[in-house]
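Peer 1: My structure is stored as target-v6.txt, with compact mmCIF, C-alpha atoms.
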# COMPACT_ATOMS: atom_id res chain seq x y z
CA MET A 17 0.00 0.00 0.00
CA SER A 18 1.28 3.45 -0.90
CA ASN A 19 1.95 5.84 1.97
CA LEU A 20 0.38 8.68 0.00
CA TRP A 21 -3.09 8.08 1.47
CA ASN A 22 -2.04 6.26 4.64
CA ILE A 23 -2.81 8.69 7.49
CA ARG A 24 -1.12 6.38 10.00
CA VAL A 25 2.29 7.53 8.71
CA LEU A 26 1.57 11.19 9.47
CA PRO A 27 3.17 12.54 12.62
CA PRO A 28 0.72 13.57 15.35
CA ARG A 29 0.03 17.30 15.55
CA SER A 30 -0.34 19.26 18.72
CA GLU A 31 -1.67 22.33 16.92
CA LYS A 32 -5.42 22.87 17.11
CA PRO A 33 -7.25 23.09 13.80
CA LEU A 34 -8.31 26.50 12.55
CA SER A 35 -11.42 28.04 14.05
CA GLY A 36 -14.40 29.26 12.11
CA GLU A 37 -17.59 28.24 10.40
CA THR A 38 -16.96 29.80 6.98
CA VAL A 39 -14.04 29.78 4.56
CA PRO A 40 -13.18 33.44 5.31
CA GLN A 41 -13.30 32.82 9.07
CA LEU A 42 -10.98 29.81 8.71
CA PHE A 43 -8.64 31.79 6.44
CA TRP A 44 -8.41 34.82 8.75
CA ASP A 45 -7.83 32.59 11.78
CA GLY A 46 -4.96 31.01 9.83
CA VAL A 47 -3.53 34.44 9.02
CA ARG A 48 -3.72 35.42 12.69
CA ARG A 49 -2.27 32.19 14.07
CA ARG A 50 0.18 31.11 11.37
CA GLY A 51 1.54 34.47 10.19
CA GLU A 52 4.96 33.84 8.68
CA ARG A 53 4.46 30.15 7.97
CA ILE A 54 4.11 29.08 4.34
CA TRP A 55 0.52 29.12 3.11
CA LEU A 56 0.97 28.23 -0.55
CA ARG A 57 3.61 27.80 -3.22
CA GLN A 58 3.20 28.55 -6.91
CA LYS A 59 5.64 28.20 -9.77
CA GLU A 60 6.29 31.47 -11.63
CA PHE A 61 8.51 31.30 -14.72
CA GLY A 62 9.93 27.98 -13.51
CA ILE A 63 10.77 29.24 -10.01
CA TRP A 64 8.75 28.32 -6.95
CA ARG A 65 7.39 31.36 -5.09
CA ALA A 66 6.18 30.86 -1.52
CA TRP A 67 3.40 32.93 0.04
CA THR A 68 3.11 33.21 3.82
CA TRP A 69 -0.21 33.39 5.57
CA ARG A 70 0.50 37.04 6.35
CA GLU A 71 1.25 37.90 2.71
CA ALA A 72 -1.91 36.11 1.61
CA GLY A 73 -3.85 38.06 4.23
CA THR A 74 -2.44 41.36 2.99
CA ALA A 75 -3.35 40.60 -0.64
CA THR A 76 -6.82 39.38 0.34
CA ARG A 77 -7.47 42.42 2.56
CA GLU A 78 -6.48 44.79 -0.26
CA ILE A 79 -8.97 43.12 -2.60
CA ALA A 80 -11.76 43.13 -0.02
CA MET A 81 -11.15 46.81 0.74
CA GLY A 82 -11.00 47.58 -2.99
CA LEU A 83 -14.40 45.95 -3.35
CA ALA A 84 -15.71 48.05 -0.46
CA SER A 85 -14.50 51.17 -2.27
CA LEU A 86 -16.64 50.07 -5.21
CA GLN A 87 -19.68 49.84 -2.89
CA PHE A 88 -19.67 46.05 -3.23
CA GLN A 89 -22.35 44.79 -0.84
CA PRO A 90 -22.70 41.51 1.07
CA GLY A 91 -24.55 39.00 -1.07
CA GLU A 92 -23.43 40.54 -4.36
CA CYS A 93 -21.57 38.47 -6.93
CA ALA A 94 -18.09 39.08 -8.33
CA SER A 95 -16.82 36.89 -11.15
CA VAL A 96 -13.25 35.88 -11.94
CA LEU A 97 -12.38 35.36 -15.61
CA ALA A 98 -8.92 33.81 -15.34
CA ASN A 99 -6.80 30.70 -15.34
CA THR A 100 -6.27 28.93 -12.04
CA LYS A 101 -3.53 30.92 -10.31
CA ILE A 102 -2.82 32.59 -7.00
CA GLU A 103 -4.48 35.86 -8.00
CA TRP A 104 -7.71 33.92 -8.63
CA VAL A 105 -7.55 32.55 -5.09
CA PHE A 106 -6.91 36.03 -3.64
CA ALA A 107 -9.87 37.43 -5.59
CA ASP A 108 -12.08 34.60 -4.34
CA LEU A 109 -11.02 35.08 -0.72
CA GLY A 110 -11.37 38.87 -1.04
CA VAL A 111 -14.91 38.54 -2.39
CA GLN A 112 -15.89 36.11 0.37
CA SER A 113 -14.24 38.30 3.00
CA ALA A 114 -16.39 41.19 1.75
CA GLY A 115 -19.47 39.01 2.22
CA GLY A 116 -19.94 38.34 -1.47
CA VAL A 117 -20.31 35.35 -3.72
CA CYS A 118 -17.50 34.47 -6.13
CA ASN A 119 -18.28 33.03 -9.55
CA GLY A 120 -15.56 31.43 -11.67
CA ILE A 121 -15.57 31.79 -15.45
CA TYR A 122 -13.27 29.70 -17.63
CA PRO A 123 -10.83 31.80 -19.67
CA THR A 124 -11.65 29.54 -22.64
CA ASP A 125 -15.31 30.61 -22.55
CA SER A 126 -16.53 32.67 -25.48
CA GLU A 127 -17.83 36.23 -25.26
CA VAL A 128 -21.40 34.90 -25.41
CA GLN A 129 -20.70 32.55 -22.49
CA VAL A 130 -19.05 35.33 -20.47
CA GLU A 131 -22.11 37.53 -21.04
CA TYR A 132 -24.49 34.75 -20.02
CA LEU A 133 -22.52 33.80 -16.88
CA CYS A 134 -22.17 37.41 -15.73
CA SER A 135 -25.83 38.13 -16.40
CA ASP A 136 -27.12 34.91 -14.81
CA SER A 137 -25.03 35.43 -11.66
CA SER A 138 -25.86 39.17 -11.41
CA THR A 139 -22.14 39.96 -11.44
CA THR A 140 -21.37 43.49 -10.23
CA VAL A 141 -17.55 43.27 -10.35
CA LEU A 142 -15.54 41.25 -12.85
CA PHE A 143 -11.88 40.32 -12.34
CA VAL A 144 -9.96 39.55 -15.54
CA GLU A 145 -6.54 37.97 -15.94
CA ASP A 146 -5.18 39.61 -19.07
CA GLU A 147 -5.98 41.68 -22.14
CA GLU A 148 -7.63 38.75 -23.92
CA GLN A 149 -10.13 38.35 -21.08
CA LEU A 150 -10.57 42.12 -20.82
CA ASP A 151 -11.45 42.27 -24.52
CA LYS A 152 -14.17 39.65 -24.00
CA ALA A 153 -15.57 41.58 -21.06
CA LEU A 154 -15.53 44.91 -22.89
CA SER A 155 -17.26 43.40 -25.92
CA VAL A 156 -20.31 42.44 -23.80
CA ARG A 157 -20.10 45.23 -21.21
CA GLU A 158 -23.02 47.28 -22.60
CA ARG A 159 -25.35 44.28 -22.19
CA LEU A 160 -24.48 43.84 -18.49
CA PRO A 161 -26.28 46.67 -16.67
CA LEU A 162 -25.38 45.37 -13.19
CA LEU A 163 -21.65 45.28 -13.92
CA ARG A 164 -20.11 48.30 -12.15
CA ALA A 165 -16.40 47.55 -12.49
CA ILE A 166 -13.84 45.42 -14.29
CA ARG A 167 -10.53 44.94 -12.49
CA TRP A 168 -7.28 43.01 -13.08
CA CYS A 169 -6.55 39.97 -10.98
Can you present the structure in this file as structure tokens?
Peer 2:
Amino acid sequence: MSNLWNIRVLPPRSEKPLSGETVPQLFWDGVRRRGERIWLRQKEFGIWRAWTWREAGTATREIAMGLASLQFQPGECASVLANTKIEWVFADLGVQSAGGVCNGIYPTDSEVQVEYLCSDSSTTVLFVEDEEQLDKALSVRERLPLLRAIRWC
């Protein structure tokens, strides 16, 4: 049997699990308690880049406060039109921390699909990864009356 899924080989932990009932509560408890410990690693241009819990908290807080400056309200939807990458995760956590709902849109989706997904989810803020995704968003912008802002992620 492979040890990959064998929990008996894991060393016992004395640390208590994170506290909270929601993803943002768990995340912010981790930021508070784990600070400078590594939260996530991502390869950028072939080099691994580590993010600490504190750095992740700073990035997430900036996004949540940016949403507040756009009058983003609890319960509203923000969509992320991007590949899976760390900025997507920060946008998602920022939206949830602001009390919102985050909707993912595949970067391979067509303009028509982007319009439908933003309309159906009542998206008020759209995060885009690059100029290609921005072009899609701008091409359908006039048919999305609830969309107040498009931002880079």
Peer 1: (-15.5, 35.0, -11.3) in this file's frame - what residues fall within 12 Å of it? Use all atoms listed in the file and give the answer as a PyMOL selection string.
Peer 2: chain A and resi 92-100+103-112+116-123+130+133-135+137-145+149+153+166-169
Peer 1: Expressed in Å to a single decimal, how great is the separation between CA of Glu158 (chain A) and CA of Ser113 (chain A)?
Peer 2: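 Between CA of Glu158 (chain A) and CA of Ser113 (chain A) the gap works out to 28.5 Å.
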Peer 1: Assuming 6 Å of padding per side, give the centre and edge lengths of the axis-aligned box around every listed atom of region 84-90 of chain A, in Å to one decimal and as lines of an AutoDock Vina configuration file.
Peer 2:
center_x = -18.6
center_y = 46.3
center_z = -2.1
size_x = 20.2
size_y = 21.7
size_z = 18.3
Peer 1: As a list in words, please: the residues near Ser155 (chain A) (cut-off 12 Å, all atoms listed in the file, same-chain neighbours under 4 positions excluded).
Peer 2: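 Neighbouring residues, sequence-local ones excluded: Ser126, Glu127, Val128, Gln129, Val130, Glu131, Glu148, Gln149, Leu150, Asp151, Arg159 and Leu160 of chain A.
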Peer 1: In Å to one decimal, how far is CA of Ala165 (chain A) from CA of Leu83 (chain A)?
Peer 2: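 About the pair CA of Leu83 (chain A) and CA of Ala165 (chain A): they are 9.5 Å apart.
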Peer 1: Which value, in Å to one decimal, gives the distance between CA of Glu147 (chain A) and CA of Gly115 (chain A)?
Peer 2: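 Computing it gives 28.0 Å between the two atoms.
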Peer 1: Between A:Glu78, A:Glu60, A:Glu52, A:Glu37, which one has atoms that come closest to Lys101 (chain A), using all atoms listed in the file?
Peer 2: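 For Lys101 (chain A), the nearest of the given residues is A:Glu60.
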